[in-house]
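Asks: Got a structure for you, upload-v1.cif, holding mmCIF, C-alpha atoms.
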```cif
data_start
#
loop_
_atom_site.label_atom_id
_atom_site.label_comp_id
_atom_site.auth_asym_id
_atom_site.auth_seq_id
_atom_site.Cartn_x
_atom_site.Cartn_y
_atom_site.Cartn_z
CA MET B 212 20.49 40.59 18.16
CA GLN B 213 21.31 44.28 17.73
CA PRO B 214 23.03 43.91 14.30
CA ARG B 215 20.17 41.74 13.10
CA ARG B 216 17.63 44.44 14.00
CA ARG B 217 19.59 47.09 12.12
CA ARG B 218 19.68 44.94 8.97
CA SER B 219 15.92 44.33 9.18
CA ARG B 220 15.10 48.02 9.47
CA ALA B 221 17.50 49.00 6.69
CA ALA B 222 15.90 46.51 4.35
CA ALA B 223 12.45 47.65 5.31
CA PHE B 224 12.68 51.19 4.01
CA PRO B 225 13.47 50.42 0.34
CA LEU B 226 10.70 47.84 0.35
CA ALA B 227 8.14 50.28 1.76
CA ALA B 228 9.17 52.95 -0.74
CA ALA B 229 8.93 50.53 -3.63
CA LEU B 230 5.50 49.37 -2.62
CA SER B 231 4.18 52.93 -2.28
CA LEU B 232 5.51 53.79 -5.75
CA THR B 233 4.27 50.69 -7.54
CA GLY B 234 0.86 50.61 -5.86
CA LEU B 235 1.39 47.05 -4.58
CA ALA B 236 0.78 47.94 -0.95
CA GLY B 237 -2.56 46.17 -1.13
CA CYS B 238 -0.83 42.86 -2.01
CA GLU B 239 1.83 42.98 0.67
CA SER B 240 2.16 44.87 3.89
CA PRO B 241 3.53 48.41 3.42
CA VAL B 242 5.53 47.88 6.60
CA PRO B 243 7.72 44.90 7.56
CA PHE B 244 6.77 42.39 10.25
CA TYR B 245 9.14 41.57 13.07
CA ARG B 246 9.19 38.20 14.70
CA PRO B 247 8.41 38.21 18.45
CA GLY B 248 11.31 39.75 20.32
CA GLU B 249 12.70 41.69 17.37
CA GLY B 250 12.53 45.45 17.08
CA THR B 251 11.68 47.95 19.76
CA PRO B 252 8.38 49.54 20.76
CA ASP B 253 9.48 52.79 19.11
CA ASP B 254 10.24 51.27 15.70
CA PRO B 255 7.82 52.38 12.97
CA VAL B 256 6.64 48.86 12.20
CA VAL B 257 3.76 46.62 13.17
CA GLY B 258 3.71 43.09 14.51
CA LEU B 259 1.39 40.61 12.80
CA GLY B 260 -2.11 41.36 14.04
CA GLY B 261 -0.89 44.12 16.33
CA PRO B 262 -1.41 47.87 16.47
CA ALA B 263 0.76 50.17 14.37
CA PRO B 264 2.74 52.73 16.42
CA TYR B 265 2.04 55.95 14.53
CA LEU B 266 3.58 58.00 17.31
CA PRO B 267 6.74 57.26 19.26
CA SER B 268 5.41 55.51 22.31
CA ARG B 269 6.48 53.19 25.09
CA PRO B 270 4.03 50.65 26.43
CA GLY B 271 2.51 52.17 29.53
CA GLY B 272 4.47 55.37 29.01
CA PRO B 273 3.14 58.91 28.93
CA ALA B 274 1.16 60.17 25.98
CA PRO B 275 3.00 62.31 23.45
CA ARG B 276 3.15 65.95 24.45
CA ALA B 277 1.25 68.50 22.45
CA SER B 278 2.69 71.54 20.79
CA GLY B 279 1.39 75.00 21.48
CA SER B 280 -1.28 74.51 18.84
CA GLY B 281 -2.62 71.45 20.63
CA THR B 282 -1.30 69.08 17.93
CA PRO B 283 0.63 66.04 19.27
CA ARG B 284 4.20 66.13 18.03
CA GLY B 285 5.13 63.55 15.42
CA VAL B 286 1.64 63.04 14.00
CA PRO B 287 1.62 63.16 10.20
CA VAL B 288 -1.34 65.10 8.84
CA ALA B 289 -1.24 63.97 5.20
CA PRO B 290 -2.82 60.67 4.07
CA ALA B 291 -0.25 57.92 4.55
CA GLY B 292 1.13 56.45 1.35
CA GLY B 293 -1.20 58.55 -0.77
CA GLN B 294 -4.14 56.42 0.31
CA VAL B 295 -6.87 58.26 2.22
CA TYR B 296 -7.63 55.37 4.59
CA ALA B 297 -4.19 53.73 4.64
CA ALA B 298 -3.93 54.29 8.41
CA THR B 299 -7.32 52.83 9.31
CA GLY B 300 -6.74 49.12 8.71
CA PRO B 301 -7.52 46.37 11.26
CA GLY B 302 -5.63 46.82 14.53
CA MET B 303 -3.92 50.07 13.48
CA LEU B 304 -4.66 51.93 16.71
CA ALA B 305 -2.93 55.19 17.58
CA PRO B 306 -1.04 55.23 20.90
CA ALA B 307 -3.66 57.44 22.55
CA ALA B 308 -6.28 54.76 21.86
CA ARG B 309 -4.28 51.76 22.99
CA GLY B 310 -5.29 50.21 26.26
CA LEU B 311 -8.85 51.45 25.95
CA PRO B 312 -11.35 48.61 26.20
CA PRO B 313 -13.54 48.33 23.09
CA ARG B 314 -16.90 49.94 23.77
CA LEU B 315 -20.02 51.14 21.99
CA TYR B 316 -21.26 54.54 23.11
CA VAL B 317 -24.95 54.72 22.24
CA PRO B 318 -26.86 58.03 22.60
CA ASN B 319 -30.19 57.17 24.21
CA GLY B 320 -32.22 60.13 25.44
CA PRO B 321 -30.58 61.77 28.48
CA PHE B 322 -28.06 58.92 28.71
CA VAL B 323 -25.20 57.45 26.75
CA ASP B 324 -25.39 53.70 27.13
CA VAL B 325 -21.96 52.03 27.20
CA LEU B 326 -21.96 48.54 25.70
CA ASP B 327 -19.19 45.96 25.85
CA PRO B 328 -19.16 44.30 22.41
CA THR B 329 -17.54 41.22 23.91
CA GLY B 330 -20.65 39.22 24.69
CA LEU B 331 -22.63 42.42 24.05
CA ARG B 332 -23.67 43.51 27.52
CA LEU B 333 -24.48 46.83 29.12
CA ALA B 334 -21.27 47.98 30.80
CA GLY B 335 -22.49 51.32 32.10
CA ARG B 336 -24.70 54.32 31.60
CA LEU B 337 -23.53 57.92 31.49
CA LEU B 338 -25.93 60.70 32.45
CA THR B 339 -25.10 63.53 30.06
CA GLY B 340 -27.57 66.11 31.30
CA ALA B 341 -28.55 66.51 27.66
CA THR B 342 -30.44 64.68 24.93
CA ALA B 343 -27.48 63.33 22.98
CA SER B 344 -27.98 62.75 19.27
CA ARG B 345 -24.42 61.69 18.45
CA VAL B 346 -21.16 60.78 20.22
CA VAL B 347 -18.01 61.99 18.46
CA PRO B 348 -14.36 61.16 19.34
CA SER B 349 -12.03 64.14 19.69
CA TRP B 350 -9.24 64.64 17.15
CA ASP B 351 -6.61 63.22 19.53
CA LEU B 352 -8.94 60.30 20.50
CA ARG B 353 -8.60 61.15 24.20
CA ARG B 354 -12.18 62.20 24.86
CA LEU B 355 -15.68 61.92 23.47
CA TRP B 356 -18.17 64.69 22.76
CA ALA B 357 -21.91 64.09 23.05
CA THR B 358 -23.83 66.51 20.85
CA ASP B 359 -27.30 67.73 21.83
CA ARG B 360 -29.00 69.44 18.92
CA ALA B 361 -32.27 70.04 20.72
CA HIS B 362 -30.79 71.97 23.65
CA GLY B 363 -27.64 73.33 21.99
CA LEU B 364 -24.97 71.52 24.04
CA LEU B 365 -21.66 69.75 23.60
CA VAL B 366 -20.86 67.48 26.55
CA PRO B 367 -17.30 66.13 27.05
CA LEU B 368 -16.95 62.53 28.24
CA ALA B 369 -13.78 60.75 29.39
CA PRO B 370 -13.71 57.19 28.00
CA ARG B 371 -11.08 56.02 30.50
CA THR B 372 -12.94 57.20 33.62
CA GLY B 373 -16.51 57.62 32.43
CA ARG B 374 -16.61 61.12 33.89
CA ARG B 375 -18.62 63.92 32.37
CA GLY B 376 -17.17 67.37 31.90
CA ARG B 377 -18.91 70.73 31.88
CA PRO B 378 -21.34 71.12 28.95
CA VAL B 379 -20.64 73.87 26.41
CA GLY B 380 -23.56 75.84 25.05
CA ILE B 381 -23.76 76.30 21.27
CA THR B 382 -26.77 77.57 19.35
CA ALA B 383 -28.33 74.74 17.27
CA PRO B 384 -25.27 72.52 16.59
CA THR B 385 -25.89 69.97 13.82
CA GLY B 386 -22.47 68.38 13.43
CA LEU B 387 -19.04 68.27 15.09
CA TYR B 388 -15.83 67.86 13.09
CA PHE B 389 -12.11 68.57 13.52
CA SER B 390 -9.63 70.12 11.12
CA PRO B 391 -7.11 67.55 9.82
CA ASP B 392 -4.23 69.32 11.57
CA GLY B 393 -6.08 69.16 14.90
CA ARG B 394 -5.98 72.92 15.48
CA ASP B 395 -9.71 73.60 15.32
CA ALA B 396 -13.01 72.03 16.23
CA LEU B 397 -15.47 72.71 13.42
CA VAL B 398 -19.10 72.97 14.48
CA LEU B 399 -21.84 73.04 11.87
CA ALA B 400 -24.70 75.09 13.31
CA ARG B 401 -27.93 76.87 12.42
CA ARG B 402 -29.80 80.03 13.34
CA PRO B 403 -27.88 81.52 11.58
CA ASP B 404 -26.39 78.94 9.20
CA ARG B 405 -22.67 78.90 9.88
CA LEU B 406 -19.44 77.03 10.58
CA ASP B 407 -17.98 77.79 14.00
CA LEU B 408 -14.24 77.37 14.59
CA ARG B 409 -13.52 76.53 18.23
CA ASP B 410 -10.75 75.37 20.50
CA PRO B 411 -10.74 71.54 20.17
CA ARG B 412 -10.22 71.07 23.91
CA THR B 413 -12.42 73.69 25.54
CA MET B 414 -14.76 74.55 22.64
CA ALA B 415 -14.09 78.23 23.27
CA PRO B 416 -15.12 80.20 20.14
CA ARG B 417 -12.46 81.45 17.73
CA ALA B 418 -14.18 82.47 14.51
CA THR B 419 -17.36 81.99 12.47
CA THR B 420 -17.87 81.48 8.75
CA PRO B 421 -21.37 82.11 7.35
CA LEU B 422 -22.75 79.29 5.20
CA PRO B 423 -25.20 79.65 2.32
CA CYS B 424 -27.45 76.92 3.77
CA ALA B 425 -28.06 74.76 6.84
CA ALA B 426 -25.41 72.01 6.83
CA GLY B 427 -25.49 68.78 8.80
CA HIS B 428 -22.73 66.46 7.47
CA ALA B 429 -19.19 67.00 6.22
CA ASP B 430 -15.92 65.48 5.02
CA PHE B 431 -12.63 66.90 3.78
CA THR B 432 -11.04 67.37 0.36
CA PRO B 433 -8.06 65.17 -0.63
CA ASP B 434 -5.57 67.94 0.12
CA GLU B 435 -7.29 68.44 3.52
CA ALA B 436 -7.45 72.19 2.84
CA SER B 437 -11.24 72.40 2.64
CA LEU B 438 -14.35 71.03 4.29
CA VAL B 439 -17.27 69.94 2.13
CA ALA B 440 -20.66 70.08 3.86
CA THR B 441 -24.11 68.93 2.73
CA CYS B 442 -27.29 70.96 3.16
CA THR B 443 -30.15 68.46 3.10
CA ALA B 444 -33.14 70.80 2.84
CA ALA B 445 -31.53 73.02 0.20
CA GLY B 446 -30.09 70.17 -1.90
CA VAL B 447 -26.69 71.90 -1.87
CA LEU B 448 -23.05 71.01 -1.19
CA ALA B 449 -20.83 73.83 0.10
CA ARG B 450 -17.03 73.83 0.16
CA VAL B 451 -15.27 75.92 2.81
CA HIS B 452 -11.56 76.75 2.55
CA LEU B 453 -10.30 76.37 6.12
CA ALA B 454 -7.31 78.74 6.01
CA SER B 455 -9.18 81.67 4.48
CA ARG B 456 -12.47 80.77 6.22
CA THR B 457 -14.45 81.42 3.07
CA VAL B 458 -16.97 79.46 1.01
CA SER B 459 -14.97 78.53 -2.10
CA GLY B 460 -17.67 76.69 -4.06
CA THR B 461 -21.19 75.28 -4.08
CA ILE B 462 -23.03 72.57 -6.01
CA ARG B 463 -26.78 72.51 -6.37
CA LEU B 464 -27.96 68.94 -6.95
CA PRO B 465 -30.89 68.15 -9.27
CA ALA B 466 -34.37 69.11 -8.09
CA GLY B 467 -35.67 66.89 -5.31
CA ALA B 468 -32.23 65.81 -4.04
CA ARG B 469 -31.70 65.71 -0.29
CA PRO B 470 -27.97 65.15 0.35
CA GLY B 471 -26.96 63.75 3.73
CA ASP B 472 -23.89 61.85 4.90
CA LEU B 473 -20.82 61.83 2.63
CA ARG B 474 -17.48 60.04 2.35
CA LEU B 475 -14.33 60.65 0.35
CA SER B 476 -13.27 57.68 -1.80
CA PRO B 477 -10.05 55.87 -0.81
CA ASP B 478 -8.18 57.24 -3.83
CA GLY B 479 -9.39 60.78 -3.11
CA SER B 480 -11.05 61.16 -6.51
CA ALA B 481 -14.71 61.51 -5.51
CA PHE B 482 -17.17 62.15 -2.73
CA TYR B 483 -20.02 59.71 -2.26
CA VAL B 484 -23.07 61.60 -1.01
CA ALA B 485 -26.09 59.74 0.39
CA ASP B 486 -29.54 60.88 -0.73
CA ALA B 487 -32.49 59.40 1.15
CA ARG B 488 -35.11 60.85 -1.16
CA GLN B 489 -33.50 59.70 -4.43
CA GLY B 490 -32.45 56.36 -2.96
CA GLY B 491 -28.74 56.26 -3.71
CA VAL B 492 -25.43 58.12 -3.64
CA TRP B 493 -24.30 61.07 -5.75
CA LEU B 494 -20.74 61.07 -7.08
CA VAL B 495 -18.94 64.40 -6.88
CA ASP B 496 -15.49 65.05 -8.34
CA ALA B 497 -13.42 65.88 -5.25
CA ARG B 498 -10.87 68.07 -7.03
CA ARG B 499 -12.97 69.93 -9.60
CA PHE B 500 -15.97 69.99 -7.23
CA ALA B 501 -18.39 69.00 -9.98
CA LEU B 502 -21.21 66.46 -10.17
CA LEU B 503 -20.20 63.15 -11.80
CA GLY B 504 -23.22 60.89 -11.56
CA PHE B 505 -25.49 58.81 -9.37
CA VAL B 506 -25.54 55.22 -8.08
CA ARG B 507 -28.97 53.94 -7.11
CA THR B 508 -28.76 51.77 -3.99
CA GLY B 509 -32.31 51.69 -2.63
CA ARG B 510 -34.91 53.69 -0.76
CA GLY B 511 -33.94 55.82 2.20
CA ALA B 512 -30.16 55.86 1.66
CA ARG B 513 -29.01 57.96 4.60
CA GLY B 514 -25.92 56.64 6.40
CA LEU B 515 -22.46 55.68 5.10
CA ALA B 516 -19.56 53.63 6.43
CA ILE B 517 -16.36 52.35 4.81
CA SER B 518 -15.10 48.78 5.12
CA ARG B 519 -11.88 48.30 7.04
CA ASP B 520 -10.04 47.31 3.84
CA ALA B 521 -11.39 50.48 2.13
CA ARG B 522 -12.78 48.52 -0.80
CA ARG B 523 -16.52 48.93 -0.14
CA LEU B 524 -18.91 51.64 0.91
CA PHE B 525 -21.82 50.51 3.10
CA VAL B 526 -24.98 52.51 2.38
CA VAL B 527 -27.59 52.19 5.13
CA GLY B 528 -31.09 52.52 3.69
CA ARG B 529 -34.60 52.31 5.05
CA GLY B 530 -34.75 48.51 5.10
CA ASP B 531 -31.37 47.26 3.94
CA VAL B 532 -27.64 47.86 3.67
CA THR B 533 -26.07 48.06 0.22
CA ALA B 534 -22.35 47.50 -0.36
CA VAL B 535 -20.89 49.52 -3.24
CA GLU B 536 -17.45 48.68 -4.62
CA PHE B 537 -15.22 51.72 -4.87
CA GLY B 538 -13.24 50.28 -7.78
CA SER B 539 -16.18 49.60 -10.11
CA ARG B 540 -18.72 51.95 -8.47
CA ARG B 541 -21.22 49.12 -8.70
CA ILE B 542 -23.37 47.33 -6.15
CA ALA B 543 -21.60 44.28 -4.74
CA SER B 544 -24.30 43.04 -2.35
CA ARG B 545 -27.49 44.01 -0.55
CA TRP B 546 -28.55 42.77 2.89
CA PRO B 547 -31.90 43.18 4.62
CA LEU B 548 -32.07 44.81 8.03
CA PRO B 549 -33.73 43.00 10.96
CA GLY B 550 -37.46 43.60 10.88
CA GLY B 551 -37.10 45.64 7.71
CA GLY B 552 -35.38 48.57 9.40
CA PRO B 553 -35.03 51.51 9.81
CA ALA B 554 -31.57 51.86 11.31
CA ASP B 555 -29.22 54.61 12.44
CA PRO B 556 -25.65 53.88 11.27
CA GLY B 557 -22.80 53.67 13.73
CA GLY B 558 -19.33 52.45 12.77
CA VAL B 559 -17.29 49.47 11.66
CA SER B 560 -15.57 47.41 14.35
CA SER B 561 -11.81 47.69 14.80
CA ASP B 562 -11.24 44.29 13.20
CA GLY B 563 -13.54 45.16 10.31
CA ARG B 564 -15.89 42.20 10.78
CA SER B 565 -18.95 44.06 12.04
CA LEU B 566 -21.04 47.06 11.08
CA TRP B 567 -22.88 48.45 14.12
CA LEU B 568 -26.36 49.92 13.80
CA ALA B 569 -29.14 51.10 16.09
CA ASP B 570 -32.86 50.56 15.60
CA PRO B 571 -34.87 53.48 17.05
CA ALA B 572 -37.24 50.87 18.52
CA GLY B 573 -34.55 50.05 21.11
CA LEU B 574 -32.27 47.52 19.41
CA VAL B 575 -28.50 47.70 18.87
CA TYR B 576 -26.96 45.08 16.61
CA ALA B 577 -23.99 44.15 14.44
CA LEU B 578 -24.11 42.95 10.84
CA SER B 579 -21.37 40.83 9.32
CA THR B 580 -19.47 42.88 6.75
CA ARG B 581 -18.92 39.64 4.85
CA ASN B 582 -22.47 38.37 4.36
CA GLY B 583 -24.79 40.78 6.18
CA ARG B 584 -25.94 38.32 8.84
CA VAL B 585 -26.78 39.54 12.32
CA LEU B 586 -23.82 38.62 14.53
CA GLN B 587 -24.95 40.19 17.80
CA SER B 588 -27.93 42.11 19.10
CA ILE B 589 -29.12 43.57 22.37
CA ARG B 590 -32.32 45.35 23.28
CA ILE B 591 -31.59 48.36 25.48
CA GLY B 592 -34.92 50.13 25.26
CA GLY B 593 -35.45 53.82 24.78
CA ARG B 594 -34.70 55.32 21.39
CA PRO B 595 -31.01 54.68 20.67
CA ALA B 596 -29.11 56.60 17.98
CA GLY B 597 -26.08 55.43 16.01
CA PRO B 598 -23.39 53.75 18.18
CA CYS B 599 -19.96 55.33 18.42
CA VAL B 600 -17.46 52.46 18.13
CA HIS B 601 -14.44 53.42 20.23
CA PRO B 602 -11.55 53.08 19.80
CA GLN B 603 -11.21 52.68 16.05
CA PRO B 604 -8.08 52.46 13.89
CA GLY B 605 -6.62 55.72 12.63
CA ARG B 606 -4.07 58.37 13.53
CA TYR B 607 -6.77 60.91 14.39
CA SER B 608 -10.51 61.50 14.27
CA LEU B 609 -12.11 64.04 11.96
CA GLY B 610 -15.37 63.81 13.88
CA GLY B 611 -18.78 63.09 12.40
CA THR B 612 -19.84 59.45 12.30
CA GLY B 613 -16.63 57.47 12.15
CA LEU B 614 -14.35 59.76 10.10
CA TYR B 615 -10.71 58.76 10.64
CA ARG B 616 -7.43 59.17 8.82
#
```
Now, as a test, write the supplied structure out as C-alpha cells.
Replies:
Amino acid sequence: MQPRRRRSRAAAFPLAAALSLTGLAGCESPVPFYRPGEGTPDDPVVGLGGPAPYLPSRPGGPAPRASGSGTPRGVPVAPAGGQVYAATGPGMLAPAARGLPPRLYVPNGPFVDVLDPTGLRLAGRLLTGATASRVVPSWDLRRLWATDRAHGLLVPLAPRTGRRGRPVGITAPTGLYFSPDGRDALVLARRPDRLDLRDPRTMAPRATTPLPCAAGHADFTPDEASLVATCTAAGVLARVHLASRTVSGTIRLPAGARPGDLRLSPDGSAFYVADARQGGVWLVDARRFALLGFVRTGRGARGLAISRDARRLFVVGRGDVTAVEFGSRRIASRWPLPGGGPADPGGVSSDGRSLWLADPAGLVYALSTRNGRVLQSIRIGGRPAGPCVHPQPGRYSLGGTGLYR
C-alpha cells in the first residue's frame, strides 16, 4: 500500500498545477480523491464529500500552534489557486472548525439564541450581558464575537463550551473584521469615525486610523493589502491601506446612493456594493478603485451572500432575494420572502443548499439556494438579527457577515 500511495500523490501534483493554469478547476476537482483507506490524514487532499485539511492535522489531535504574531503556522494567506473563494466550497472545513456541531447563532436582544439546524430546534441560549446586533467568527474560527453597537461592547463566546468571556468596551463599534494575515482585529467605529486595529484575541488597542466618514461594512482588495469600507449616510467608499494605516482612496457614489454590504467577486475584478435606496448593487473596479456601473435588483437591497459554488450573489431586498450571476452580471432568479419580508441576512449553509435569514418579527428560516423555497423555519420570538452560520467552509474568517477565504 505504501508504494501505491506515493504514486497517487506524485501524479496529483502535475494534475493540480495543470488545472490551476488552464482554468479547468471548475470542471474537475483541483485536488485528487483517495479511495477509503488510501492516504494519510496529513496529506493535502480531500476525500469525496469530506473536509479539506488546509492545515496539517491529526484527527482528535491538538490544534496547530500559533506563531508569535498569533497566526497559525502553515496557513496560506493568499487566495488558493487564484480564486478568491476557492477554499470555501462544500465541506471544506479548516481543522479548527472540524468537530464543531453545526449551529446558528442568532442575536436576539440580550441573548444569542443557539439553533440546531438539524430539525431546527432551539439548542441553547447564551446571555451576553449586551444587546448583540451581530455574531462574528474570529479569524482562527475558534471563538465568536457578539457585537453590541448600542452599548459599545464586544463579547467573546466559546462555541465548544458555550461560555461567555469578559466583554470589551469600544466606543460605538459598527463592524468587526480581521486582517487577512490574522494579525489584527479591525473594528469600524464612530464618534469619531475611525478604524481601530486591535489584538485579535484580547481586543487590546494597537492603533487607530481616522476615516473620512462613518463606515459600517467592509471587504478586502484582491491583493489583501487594503480594506474597502462603505459609509452609508455619506454615500462614500473608503479604501484603507493596512500596512501604512492610511486612507488610500475614496469614491463618492451618485447623489442619493446609500452603500451598505459589499462583496468581492470570485475573480477579484469587482466589488458588488448593495444600495437599499437605489434598489440594486453598484459595481466597483477592485484594482483601479473606480465606479463601473449598477445592477438593479429590487427595492431595499441591503444584504449580500455568495453561493457555495461562487457563481451567484444573493441580494436580500425588502421583500425578496435576487440571485445575480457573477459571470454575466445579470439577474438569474428572484424569490419572494415569506410574508413579503423584510429579512436580515445571515449566511449560506456549509453544504451550500440553504440561505439563512431572520425576520425581525421573530422568525428564522432557510431558503433553498436552488429554487428559493422555504426549507425550514422556526419562530423564536423577540427581534432576531441575522444568523451566524457556524462553522462554515474556509481557511479563516475575515469577519463581517460570512466573509471567508
Asks: Apply the PyMOL selection byres ((chain B and resi 331) around 10) to the file shown and report the selected residues as a PDB file with C-alpha atoms, keeping the file's coordinate frame.
Replies:
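Output (selection15.pdb):
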```pdb
ATOM      1  CA  ARG B 314     -16.900  49.940  23.770  1.00  0.00           C
ATOM      2  CA  LEU B 315     -20.020  51.140  21.990  1.00  0.00           C
ATOM      3  CA  LEU B 326     -21.960  48.540  25.700  1.00  0.00           C
ATOM      4  CA  ASP B 327     -19.190  45.960  25.850  1.00  0.00           C
ATOM      5  CA  PRO B 328     -19.160  44.300  22.410  1.00  0.00           C
ATOM      6  CA  THR B 329     -17.540  41.220  23.910  1.00  0.00           C
ATOM      7  CA  GLY B 330     -20.650  39.220  24.690  1.00  0.00           C
ATOM      8  CA  ARG B 332     -23.670  43.510  27.520  1.00  0.00           C
ATOM      9  CA  LEU B 333     -24.480  46.830  29.120  1.00  0.00           C
ATOM     10  CA  ALA B 334     -21.270  47.980  30.800  1.00  0.00           C
ATOM     11  CA  VAL B 575     -28.500  47.700  18.870  1.00  0.00           C
ATOM     12  CA  TYR B 576     -26.960  45.080  16.610  1.00  0.00           C
ATOM     13  CA  ALA B 577     -23.990  44.150  14.440  1.00  0.00           C
ATOM     14  CA  GLN B 587     -24.950  40.190  17.800  1.00  0.00           C
ATOM     15  CA  SER B 588     -27.930  42.110  19.100  1.00  0.00           C
ATOM     16  CA  ILE B 589     -29.120  43.570  22.370  1.00  0.00           C
TER      17      ILE B 589
END
```
Asks: Identify which of the residues B:Arg499, B:His428, B:Arg606, B:Arg375 lies closest to B:Ser459, counting all atoms listed in the file when measuring atom-to-atom distances.
Replies: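 With all atoms listed in the file as the atom set, the closest residue is B:Arg499.
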Asks: Selected by the PyMOL selection byres ((chain B and resi 369-374) around 9) in the shown coordinates: which residues, as a PyMOL selection string?
Replies: chain B and resi 311-312+314+335-337+353-356+367-368+375-376+601
Asks: Applying the PyMOL selection byres ((chain B and resi 506) around 10) to the file I just gave you, which residues come out? Please list them as a VMD selection string.
Replies: chain B and resid 483 to 485 489 to 494 504 to 505 507 to 509 535 540 to 542
Asks: Excluding same-chain residues fewer than 4 positions from B:Arg529, what lies within 10 Å of it counting all atoms listed in the file, as a VMD selection string?
Replies: chain B and resid 487 490 509 to 514 547 to 548 551 to 555
Asks: Using atom CA of B:Ala305 and atom CA of B:Arg564 as the two end points, give the distance in Å to one decimal.
Replies: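 Pair atom CA of B:Ala305 / atom CA of B:Arg564 returns 19.6 Å.
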Asks: Please, what distance in Å, to one decimal, runs between atom CA of B:Thr382 and atom CA of B:Gly363?
Replies: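 Atom-to-atom, atom CA of B:Thr382 and atom CA of B:Gly363 are spaced 5.1 Å apart.
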Asks: Any idea what's packed within 7 Å of stretch 338-342 of chain B, counting all atoms listed in the file, ignoring anything in its chain fewer than 4 positions away? Could you give it as a list of chain:residue names?
Replies: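 Residues near the query, excluding close chain neighbours: B:Gly320, B:Pro321, B:Phe322, B:Val323, B:Asp359, B:Val366, B:Arg375.
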Asks: Please measure the separation of atom CA of B:Val495 and atom CA of B:Leu566, giving the value in Å to one decimal.
Replies: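 Interatomic distance here is 25.1 Å.
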Asks: Give me the residues within 12 Å of B:Thr420 as a short mmCIF file (atom, residue, chain, number, x, y, z; two decimals) with C-alpha atoms, in the coordinates of the input, counting all atoms listed in the file and dropping any in the same chain fewer than 2 places off.
Replies:
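See out10.cif below for the written result:
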```cif
data_model
loop_
_atom_site.label_atom_id
_atom_site.label_comp_id
_atom_site.auth_asym_id
_atom_site.auth_seq_id
_atom_site.Cartn_x
_atom_site.Cartn_y
_atom_site.Cartn_z
CA LEU B 397 -15.47 72.71 13.42
CA VAL B 398 -19.10 72.97 14.48
CA LEU B 399 -21.84 73.04 11.87
CA ALA B 400 -24.70 75.09 13.31
CA ARG B 401 -27.93 76.87 12.42
CA PRO B 403 -27.88 81.52 11.58
CA ASP B 404 -26.39 78.94 9.20
CA ARG B 405 -22.67 78.90 9.88
CA LEU B 406 -19.44 77.03 10.58
CA ASP B 407 -17.98 77.79 14.00
CA LEU B 408 -14.24 77.37 14.59
CA ARG B 409 -13.52 76.53 18.23
CA PRO B 416 -15.12 80.20 20.14
CA ARG B 417 -12.46 81.45 17.73
CA ALA B 418 -14.18 82.47 14.51
CA LEU B 422 -22.75 79.29 5.20
CA PRO B 423 -25.20 79.65 2.32
CA CYS B 424 -27.45 76.92 3.77
CA LEU B 438 -14.35 71.03 4.29
CA ALA B 449 -20.83 73.83 0.10
CA ARG B 450 -17.03 73.83 0.16
CA VAL B 451 -15.27 75.92 2.81
CA HIS B 452 -11.56 76.75 2.55
CA LEU B 453 -10.30 76.37 6.12
CA ALA B 454 -7.31 78.74 6.01
CA SER B 455 -9.18 81.67 4.48
CA ARG B 456 -12.47 80.77 6.22
CA THR B 457 -14.45 81.42 3.07
CA VAL B 458 -16.97 79.46 1.01
CA SER B 459 -14.97 78.53 -2.10
#
```
